[in-house]
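Student: Okay, handing you the structure first.
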Amino acid sequence: MFQSKVFRRMFCSYLLIIVVSMGIYSGFLIYQSKRIAQNQSTWEHDLILREVSDVMEETLSDAKETVRDLRYSNTMKNLYMASRLDDPLDTYEDYEVQKEIKNLYALRADVIYSTTIFLYGSNRAWSAGGPIYMDVPFEQQSFSVPLLVNGNIADSIGLTDNQRYYFAKEGLLYWDSYTYRNGTEVGLCCVLIDLQNTLGRLQSALGDDQAIRILYQGKELLTVGDISGRKPAVEMTGSSDFSYELYDKSHSLLKNNPVLIGMLVILLIVAIIFAWVGYWESRRYYKPIDYMGKMVSGGEPTEAVSEDQNELGNIIEGIEKLIGEKNSYREKMLTVSPYAGAGMFQAIVSGQAGNDKLNVLSDEEFLDLKHPYYIVSILNFAYEWTGKVKSISHENMSEIFKQVSATWAGEDLHIAWYFSGKNSAYLILSFDEKRDMDDMFFGIHKLIQSSVEKEHIVVTMGVDVVREDISELKAACEGAASALDGILHDGRGEVFFAEEFPKGNVDYYLPSGFKEKLRTCLENRDKDGIHLLLFDVYKTNLDLDASSEVYKSLVEDVYLTMMKTVRKVSGLTTVHLNIQRVSELMSLQEIFDYYDAALISVIDLLEKNERQKNKENQLDDEIVKFVEENYCDPGISLQQLSDKYNVSNKYLLLLFKQKYNMTYLQFIQGKRIERAIELIDQNELPISEIGTKVGYENQLTFRRNFKAVTGRNPSEYAAVKK
């Protein structure tokens with residue numbers, strides 16, 4: 001057959017159509033995949049950089065707050081005065097300094113590793129582990145503060161080898177000035193940030209094979225991941241003198257894109273199948289022509305035809321010679337000739353030519369073209385009004401499907417069904433001749449809907465295109481499921497047909513600053529604002545009439561934005577919230593109604609937490625008021641307060657730490673010494689009686705605490721006043 005120019009042209013025409021069609025569709029698939037991958041990569045990079053920026057900003061903020069607390073600490077001021085007066089601290093005072101430093105960064109222990117104070121002119125440094133002796137007095141450094149570097153204290157201030165042991169811990173160092181009351185710089189504070197903790201938090205924000213380079217004031221601070229031989233994918237300048245360079249792996253369009261690979265493989269398989277079908281179709285349509293050629297040549301193979309010869313014309317000419325020149329035969333051949341010239345093979349196999357004109361052919365050469373066609377549909381069942389999926393009785397639905405089969409099935413149409421889950425079923429129609437099935441499916445939907453209407457069930461159908469290759473059954477099921485995605489835009493209770501071409505390439509709408517607006521509504525407990533914001537997104541996107549893939553991307557983007565915002569807002573409180581992802585097939589309205597209800601529930605929980613917090617604040621005020629009125633009572637203690645207000649000792653310690661930035665004992669001691677000073681100024685009571693009056697049963701303890709606060713013994717203070 002390949003010797004025939006007619007056959008070759010016929011087959012090559014099929015191949016050309018297949019190659020052009022598949023090439024256009026492949027290009028469209030690759031373009032869409034590349035565009036989606038670029039958008040997703042940009043979104044991921046922005047998200048990662050923001051998370052990294054949050055980690056670094058929070059870390060730097062913790063370090064700054066630690067330095068600020070040290071500046072305003074009375075214990076640290078007493079330390080400075082003792083250092084200036086060259087008055088060595090006793091063991092108790094050293095302990096107080098050590099405890100004060102430890103308490104000041106205790107609340108930030110997950111970020112801060114240690115804190116050290118260096119006073120100019122002093123050969124001792126103070127940390128939570130106690131005083132550290134140096135060979136030479138500490139002098140002013142050449143670097144400007146505040147400063148954030150990566151290294152250790154020894155290298156930063158140039159300590160000798162025998163001193164390096166105390167300051168060899170590697171980490172992020174935050175240096176800032178330590179000032180006295182008048183703002184004079186009297187030393188340096190060094191906050192050692194836990195490098196491993198910081199690297200772990202940064203690594204958790206990065207994806208696989210991603211790296212980031214962090215710069216502070218234009219200089220490299222630290223690098224997470226391998227950046228050798230790579231160029232930054234994106235750069236960002238943050239606040240607090242930070243800038244960031246994010247390095248990402250090079251994304252191959254086909255690598256890690258199984259969907260695109262699968263589509264191209266399917267496309268290649270379909271092209272091969274079409275080519276095979278084209279070959280057999282060409283062979284089938286050419287076979288009558290080949291048979292007539294053999295008849296004309298007396299059963300011998302037809303000779304090859306040169307480029308300037310007409311093969312069909314030669315066959316017709318041979319038939320005329322074989323039959324003769326009689327008028328009756330000429331009339332018949334004149335009638336058959338138009339069929340041959342316009343494609344006689346098609347007239348023969350389709351039965352359009354009369355039998356009296358085809359008696360030269362044997363019946364064995366006729367080909368039966370009646371192949372079974374089929375179409376697949378999928379049905380979804382849900383409760384009316386709510387959209388919640390409905391678990392159906394397979395037995396009841398089988399009876400309904402039998403009724404459908406009894407109504408429409410016949411000799412030329414067969415109906416089968418298959419339950420794919422608790423709330424869905426496939427309905428498959430097979431028939432002999434290709435036809436328009438839309439009206440039939442509308443009728444089937446109406447019959448099924450009326451049968452389950454009393455149970456308040458809504459039936460939605462997705463219908464694939466007519467097919468004839470049984471190997472495409474899986475694709476037919478996927479096509480029906482894809483058509484059912486029309487629920488997203490048009491809602492339930494409809495019949496959706498698979499479209500031959502996807503809808504236009506339209507991006508979904510998300511208002512500028514959507515995340516910030518959502519956060520503002522949550523923080524302000526603005527339920528009306530939530531309603532309006534989500535309705536704007538829903539209504540605007542509904543009017544776009546986009547494809548189901550676009551709406552799915554919208555739903556996913558809104559969900560991710562909601563979750564990050566809710567976690568950000570709830571992170572400021574003790575409430576931990578979560579919103580479940582939509583897993584069932586729902587309409588766009590149902591999804592946004594669910595999101596709206598979920599966010600309103602979040603606001604209700606936050607308000608409930610605030611009321612609980614206010615109740616706790618009221619209790620805190622009562623406790624503080626009781627202590628301020630009874631601090632002179634020698635018997636007042638944490639245990640007494642714990643029993644009286646039914647709270648734990650830890651709760652009381654945190655209360656005074658958060659409210660006054662000091663421990664409970666420091667608060668009691670400060671109040672008692674203030675009252676003692678007032679009584680000494682009045683000069684009405686002896687010193688020993690004043691100590692007892694302000695709550696000290698032991699006079700030695702009174703004198704030691706008085707000196708720790710004022711710098712003088714009670715008697716010295718009284719003498720100065722006189």
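Order determines the names: the first chain of the structure tokens is A, the second B, and so forth; residues in each chain are numbered 1 upward, and ligands are numbered 1 upward as they are shown.
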Within 8 Å of segment 243-247 of chain A, counting only C-alpha atoms, which residues qualify if same-chain residues fewer than 2 places away don't, as a list in words?

Tutor: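 What passes the distance filter is His45, Leu49, Gln210, Ala211, Ile212, Arg213, Ile214, Leu215, Tyr216, Gln217, Gly218, Ile227, Arg230, Lys231, Pro232, Ala233, Val234, Glu235, Met236, Thr237, Gly238, Asp241 and Lys249 of chain A.
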
Student: Could you save the residues just selected, with N, CA and C atoms, as a PDB file, in the first residue's frame?

Tutor:
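Saved as again_12.pdb:
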ATOM      1  N   HIS A  45       9.284  32.913  47.537  1.00  0.00           N
ATOM      2  CA  HIS A  45      10.443  33.718  47.922  1.00  0.00           C
ATOM      3  C   HIS A  45      10.029  34.854  48.852  1.00  0.00           C
ATOM      4  N   LEU A  49      11.412  35.251  52.716  1.00  0.00           N
ATOM      5  CA  LEU A  49      12.139  36.443  53.144  1.00  0.00           C
ATOM      6  C   LEU A  49      11.440  37.142  54.298  1.00  0.00           C
ATOM      7  N   GLN A 210      17.657  25.498  49.458  1.00  0.00           N
ATOM      8  CA  GLN A 210      17.625  26.955  49.486  1.00  0.00           C
ATOM      9  C   GLN A 210      18.650  27.452  50.499  1.00  0.00           C
ATOM     10  N   ALA A 211      19.196  28.620  50.252  1.00  0.00           N
ATOM     11  CA  ALA A 211      20.169  29.222  51.156  1.00  0.00           C
ATOM     12  C   ALA A 211      19.908  30.720  51.222  1.00  0.00           C
ATOM     13  N   ILE A 212      20.412  31.354  52.279  1.00  0.00           N
ATOM     14  CA  ILE A 212      20.208  32.792  52.438  1.00  0.00           C
ATOM     15  C   ILE A 212      21.458  33.408  53.045  1.00  0.00           C
ATOM     16  N   ARG A 213      21.783  34.579  52.585  1.00  0.00           N
ATOM     17  CA  ARG A 213      22.911  35.357  53.103  1.00  0.00           C
ATOM     18  C   ARG A 213      22.351  36.615  53.750  1.00  0.00           C
ATOM     19  N   ILE A 214      22.673  36.801  55.027  1.00  0.00           N
ATOM     20  CA  ILE A 214      22.125  37.919  55.802  1.00  0.00           C
ATOM     21  C   ILE A 214      23.241  38.923  56.059  1.00  0.00           C
ATOM     22  N   LEU A 215      22.976  40.184  55.740  1.00  0.00           N
ATOM     23  CA  LEU A 215      23.941  41.260  55.935  1.00  0.00           C
ATOM     24  C   LEU A 215      23.399  42.244  56.960  1.00  0.00           C
ATOM     25  N   TYR A 216      24.313  42.774  57.773  1.00  0.00           N
ATOM     26  CA  TYR A 216      23.950  43.798  58.762  1.00  0.00           C
ATOM     27  C   TYR A 216      24.822  45.010  58.509  1.00  0.00           C
ATOM     28  N   GLN A 217      24.184  46.142  58.226  1.00  0.00           N
ATOM     29  CA  GLN A 217      24.882  47.381  57.888  1.00  0.00           C
ATOM     30  C   GLN A 217      25.834  47.164  56.715  1.00  0.00           C
ATOM     31  N   GLY A 218      25.387  46.358  55.736  1.00  0.00           N
ATOM     32  CA  GLY A 218      26.145  46.133  54.526  1.00  0.00           C
ATOM     33  C   GLY A 218      27.236  45.091  54.624  1.00  0.00           C
ATOM     34  N   ILE A 227      25.922  28.525  49.340  1.00  0.00           N
ATOM     35  CA  ILE A 227      25.720  29.522  48.285  1.00  0.00           C
ATOM     36  C   ILE A 227      26.871  29.523  47.290  1.00  0.00           C
ATOM     37  N   ARG A 230      26.580  30.111  43.251  1.00  0.00           N
ATOM     38  CA  ARG A 230      25.170  30.421  42.969  1.00  0.00           C
ATOM     39  C   ARG A 230      24.948  31.928  43.036  1.00  0.00           C
ATOM     40  N   LYS A 231      23.986  32.386  42.275  1.00  0.00           N
ATOM     41  CA  LYS A 231      23.600  33.788  42.285  1.00  0.00           C
ATOM     42  C   LYS A 231      22.294  33.949  43.046  1.00  0.00           C
ATOM     43  N   PRO A 232      22.155  35.070  43.753  1.00  0.00           N
ATOM     44  CA  PRO A 232      20.903  35.252  44.519  1.00  0.00           C
ATOM     45  C   PRO A 232      19.694  35.328  43.607  1.00  0.00           C
ATOM     46  N   ALA A 233      18.644  34.597  43.992  1.00  0.00           N
ATOM     47  CA  ALA A 233      17.401  34.621  43.218  1.00  0.00           C
ATOM     48  C   ALA A 233      16.620  35.898  43.473  1.00  0.00           C
ATOM     49  N   VAL A 234      16.703  36.427  44.700  1.00  0.00           N
ATOM     50  CA  VAL A 234      15.974  37.645  45.044  1.00  0.00           C
ATOM     51  C   VAL A 234      16.685  38.310  46.212  1.00  0.00           C
ATOM     52  N   GLU A 235      16.646  39.640  46.266  1.00  0.00           N
ATOM     53  CA  GLU A 235      17.252  40.402  47.349  1.00  0.00           C
ATOM     54  C   GLU A 235      16.188  41.278  47.993  1.00  0.00           C
ATOM     55  N   MET A 236      16.374  41.531  49.300  1.00  0.00           N
ATOM     56  CA  MET A 236      15.402  42.362  50.017  1.00  0.00           C
ATOM     57  C   MET A 236      16.127  43.137  51.107  1.00  0.00           C
ATOM     58  N   THR A 237      15.786  44.393  51.258  1.00  0.00           N
ATOM     59  CA  THR A 237      16.313  45.224  52.334  1.00  0.00           C
ATOM     60  C   THR A 237      15.244  45.393  53.388  1.00  0.00           C
ATOM     61  N   GLY A 238      15.557  44.966  54.610  1.00  0.00           N
ATOM     62  CA  GLY A 238      14.597  45.073  55.701  1.00  0.00           C
ATOM     63  C   GLY A 238      14.895  46.266  56.582  1.00  0.00           C
ATOM     64  N   ASP A 241      18.689  47.910  59.609  1.00  0.00           N
ATOM     65  CA  ASP A 241      19.971  47.741  58.924  1.00  0.00           C
ATOM     66  C   ASP A 241      20.203  46.335  58.382  1.00  0.00           C
ATOM     67  N   LYS A 249      17.418  26.975  44.282  1.00  0.00           N
ATOM     68  CA  LYS A 249      17.858  26.023  43.268  1.00  0.00           C
ATOM     69  C   LYS A 249      17.283  26.417  41.912  1.00  0.00           C
TER      70      LYS A 249
END

Student: Can you pull out the residues contacting Val136 of chain A? Cut-off 8 Å, using only C-alpha atoms, and skip same-chain residues under 2 positions away; I want them as a ChimeraX atom specification.

Tutor: /A:123,134,138

Student: Could the residues in this selection be saved with C-alpha atoms as an mmCIF file, in the first residue's frame?

Tutor:
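And here is the file that came out, selection-v5.cif:
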data_model
loop_
_atom_site.group_PDB
_atom_site.id
_atom_site.type_symbol
_atom_site.label_atom_id
_atom_site.label_comp_id
_atom_site.auth_asym_id
_atom_site.auth_seq_id
_atom_site.Cartn_x
_atom_site.Cartn_y
_atom_site.Cartn_z
ATOM 1 C CA ASN A 123 39.371 44.517 85.435
ATOM 2 C CA MET A 134 40.693 40.024 83.453
ATOM 3 C CA PHE A 138 38.627 47.148 80.257
#

Student: Please report, as a Markdown table, each residue of segment 164-265 of chain A lying at most 10 Å from segment 3-26 of chain A, together with the nearest pair of atoms and the separation in Å rounded to one decimal; use only C-alpha atoms, and order rows by chain and ascending residue number.

Tutor:
| residue | atom | partner | partner_atom | distance |
| --- | --- | --- | --- | --- |
| A:Leu260 | CA | A:Ser26 | CA | 9.6 |
| A:Met263 | CA | A:Ser26 | CA | 8.7 |
| A:Leu264 | CA | A:Ser26 | CA | 6.9 |

Student: Go ahead and dump the residues you just picked, N, CA and C atoms, as a PDB file, in the first residue's frame.

Tutor:
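And here's again.pdb as it stands now:
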ATOM      1  N   LEU A 260       3.047  18.123  34.535  1.00  0.00           N
ATOM      2  CA  LEU A 260       3.415  18.461  33.160  1.00  0.00           C
ATOM      3  C   LEU A 260       3.992  17.243  32.442  1.00  0.00           C
ATOM      4  N   MET A 263       1.201  14.964  31.564  1.00  0.00           N
ATOM      5  CA  MET A 263       0.402  15.475  30.449  1.00  0.00           C
ATOM      6  C   MET A 263       1.122  15.283  29.118  1.00  0.00           C
ATOM      7  N   LEU A 264       2.455  15.546  29.106  1.00  0.00           N
ATOM      8  CA  LEU A 264       3.204  15.378  27.856  1.00  0.00           C
ATOM      9  C   LEU A 264       3.285  13.904  27.452  1.00  0.00           C
TER      10      LEU A 264
END

Student: Take atom CA of Gly529 of chain A and atom CA of Met586 of chain A and report the distance between them in Å, one decimal.

Tutor: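 Atom CA of Met586 of chain A lies 24.0 Å from atom CA of Gly529 of chain A.
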
Student: Mind dumping a table of every segment 186-224 of chain A residue within 12 Å of segment 69-72 of chain A, with the nearest atom pair and its distance in Å to one decimal, using only C-alpha atoms, sorted by chain and rising number, as CSV?

Tutor:
residue,atom,partner,partner_atom,distance
A:Val186,CA,A:Arg71,CA,10.6
A:Gly187,CA,A:Arg71,CA,10.6
A:Leu188,CA,A:Arg71,CA,10.4
A:Cys189,CA,A:Leu70,CA,8.3
A:Cys190,CA,A:Leu70,CA,10.8
A:Val191,CA,A:Leu70,CA,10.8

Student: Could you produce a table of the residues of segment 84-154 of chain A lying within 12 Å of segment 168-176 of chain A, with the nearest pair of atoms per residue and their separation in Å rounded to one decimal, using only C-alpha atoms, ordered by chain and increasing residue number, as JSON lines?

Tutor:
{"residue": "A:Val111", "atom": "CA", "partner": "A:Leu172", "partner_atom": "CA", "distance": 10.4}
{"residue": "A:Ile112", "atom": "CA", "partner": "A:Leu172", "partner_atom": "CA", "distance": 9.5}
{"residue": "A:Tyr113", "atom": "CA", "partner": "A:Gly171", "partner_atom": "CA", "distance": 8.7}
{"residue": "A:Ser114", "atom": "CA", "partner": "A:Lys169", "partner_atom": "CA", "distance": 9.8}
{"residue": "A:Thr115", "atom": "CA", "partner": "A:Tyr174", "partner_atom": "CA", "distance": 9.6}
{"residue": "A:Thr116", "atom": "CA", "partner": "A:Trp175", "partner_atom": "CA", "distance": 9.8}
{"residue": "A:Ile117", "atom": "CA", "partner": "A:Trp175", "partner_atom": "CA", "distance": 10.0}
{"residue": "A:Phe118", "atom": "CA", "partner": "A:Trp175", "partner_atom": "CA", "distance": 10.6}
{"residue": "A:Gln140", "atom": "CA", "partner": "A:Asp176", "partner_atom": "CA", "distance": 12.0}
{"residue": "A:Gln141", "atom": "CA", "partner": "A:Trp175", "partner_atom": "CA", "distance": 10.7}
{"residue": "A:Phe143", "atom": "CA", "partner": "A:Trp175", "partner_atom": "CA", "distance": 9.5}
{"residue": "A:Ser144", "atom": "CA", "partner": "A:Asp176", "partner_atom": "CA", "distance": 8.6}
{"residue": "A:Val145", "atom": "CA", "partner": "A:Asp176", "partner_atom": "CA", "distance": 5.1}
{"residue": "A:Pro146", "atom": "CA", "partner": "A:Asp176", "partner_atom": "CA", "distance": 4.5}
{"residue": "A:Leu147", "atom": "CA", "partner": "A:Trp175", "partner_atom": "CA", "distance": 5.1}
{"residue": "A:Leu148", "atom": "CA", "partner": "A:Tyr174", "partner_atom": "CA", "distance": 4.6}
{"residue": "A:Val149", "atom": "CA", "partner": "A:Leu173", "partner_atom": "CA", "distance": 5.3}
{"residue": "A:Asn150", "atom": "CA", "partner": "A:Leu172", "partner_atom": "CA", "distance": 4.5}
{"residue": "A:Gly151", "atom": "CA", "partner": "A:Glu170", "partner_atom": "CA", "distance": 5.2}
{"residue": "A:Asn152", "atom": "CA", "partner": "A:Glu170", "partner_atom": "CA", "distance": 4.7}
{"residue": "A:Ile153", "atom": "CA", "partner": "A:Ala168", "partner_atom": "CA", "distance": 6.6}
{"residue": "A:Ala154", "atom": "CA", "partner": "A:Ala168", "partner_atom": "CA", "distance": 6.1}

Student: Would you write out those residues with C-alpha atoms, as a PDB file, in the first residue's frame?

Tutor:
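Saved file part-v1.pdb follows:
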ATOM      1  CA  VAL A 111      17.105  33.349  72.128  1.00  0.00           C
ATOM      2  CA  ILE A 112      19.697  34.869  74.506  1.00  0.00           C
ATOM      3  CA  TYR A 113      22.554  32.596  75.601  1.00  0.00           C
ATOM      4  CA  SER A 114      24.291  34.979  78.022  1.00  0.00           C
ATOM      5  CA  THR A 115      24.780  38.641  78.903  1.00  0.00           C
ATOM      6  CA  THR A 116      28.058  40.263  79.994  1.00  0.00           C
ATOM      7  CA  ILE A 117      28.740  43.805  81.305  1.00  0.00           C
ATOM      8  CA  PHE A 118      32.134  45.483  80.911  1.00  0.00           C
ATOM      9  CA  GLN A 140      36.914  51.842  75.326  1.00  0.00           C
ATOM     10  CA  GLN A 141      36.806  49.909  72.037  1.00  0.00           C
ATOM     11  CA  PHE A 143      34.157  49.920  67.097  1.00  0.00           C
ATOM     12  CA  SER A 144      30.948  51.951  67.146  1.00  0.00           C
ATOM     13  CA  VAL A 145      27.861  50.728  68.960  1.00  0.00           C
ATOM     14  CA  PRO A 146      25.250  49.430  68.642  1.00  0.00           C
ATOM     15  CA  LEU A 147      26.889  46.617  66.683  1.00  0.00           C
ATOM     16  CA  LEU A 148      25.821  43.101  65.666  1.00  0.00           C
ATOM     17  CA  VAL A 149      28.591  40.666  64.663  1.00  0.00           C
ATOM     18  CA  ASN A 150      29.139  36.934  64.311  1.00  0.00           C
ATOM     19  CA  GLY A 151      31.971  35.584  66.474  1.00  0.00           C
ATOM     20  CA  ASN A 152      33.071  35.467  70.107  1.00  0.00           C
ATOM     21  CA  ILE A 153      33.758  38.088  72.764  1.00  0.00           C
ATOM     22  CA  ALA A 154      37.480  37.346  72.937  1.00  0.00           C
TER      23      ALA A 154
END

Student: Given the choices A:Ile636, A:Leu413, A:Ile591, A:Ile400, which gets closest to Leu488 of chain A if the distance is worked out from only C-alpha atoms?

Tutor: A:Ile591

Student: Between atom CA of Ala37 of chain A and atom CA of Asp208 of chain A, what is the distance in Å, rounded to a tenth?

Tutor: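 Value for the atom CA of Ala37 of chain A-atom CA of Asp208 of chain A distance: 16.2 Å.
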
Student: Write out as a PyMOL selection string all residues of segment 109-173 of chain A that backbone DSSP assigns to strand (DSSP E or B).

Tutor: chain A and resi 112-119+124-127+130-133+147-151+171-173
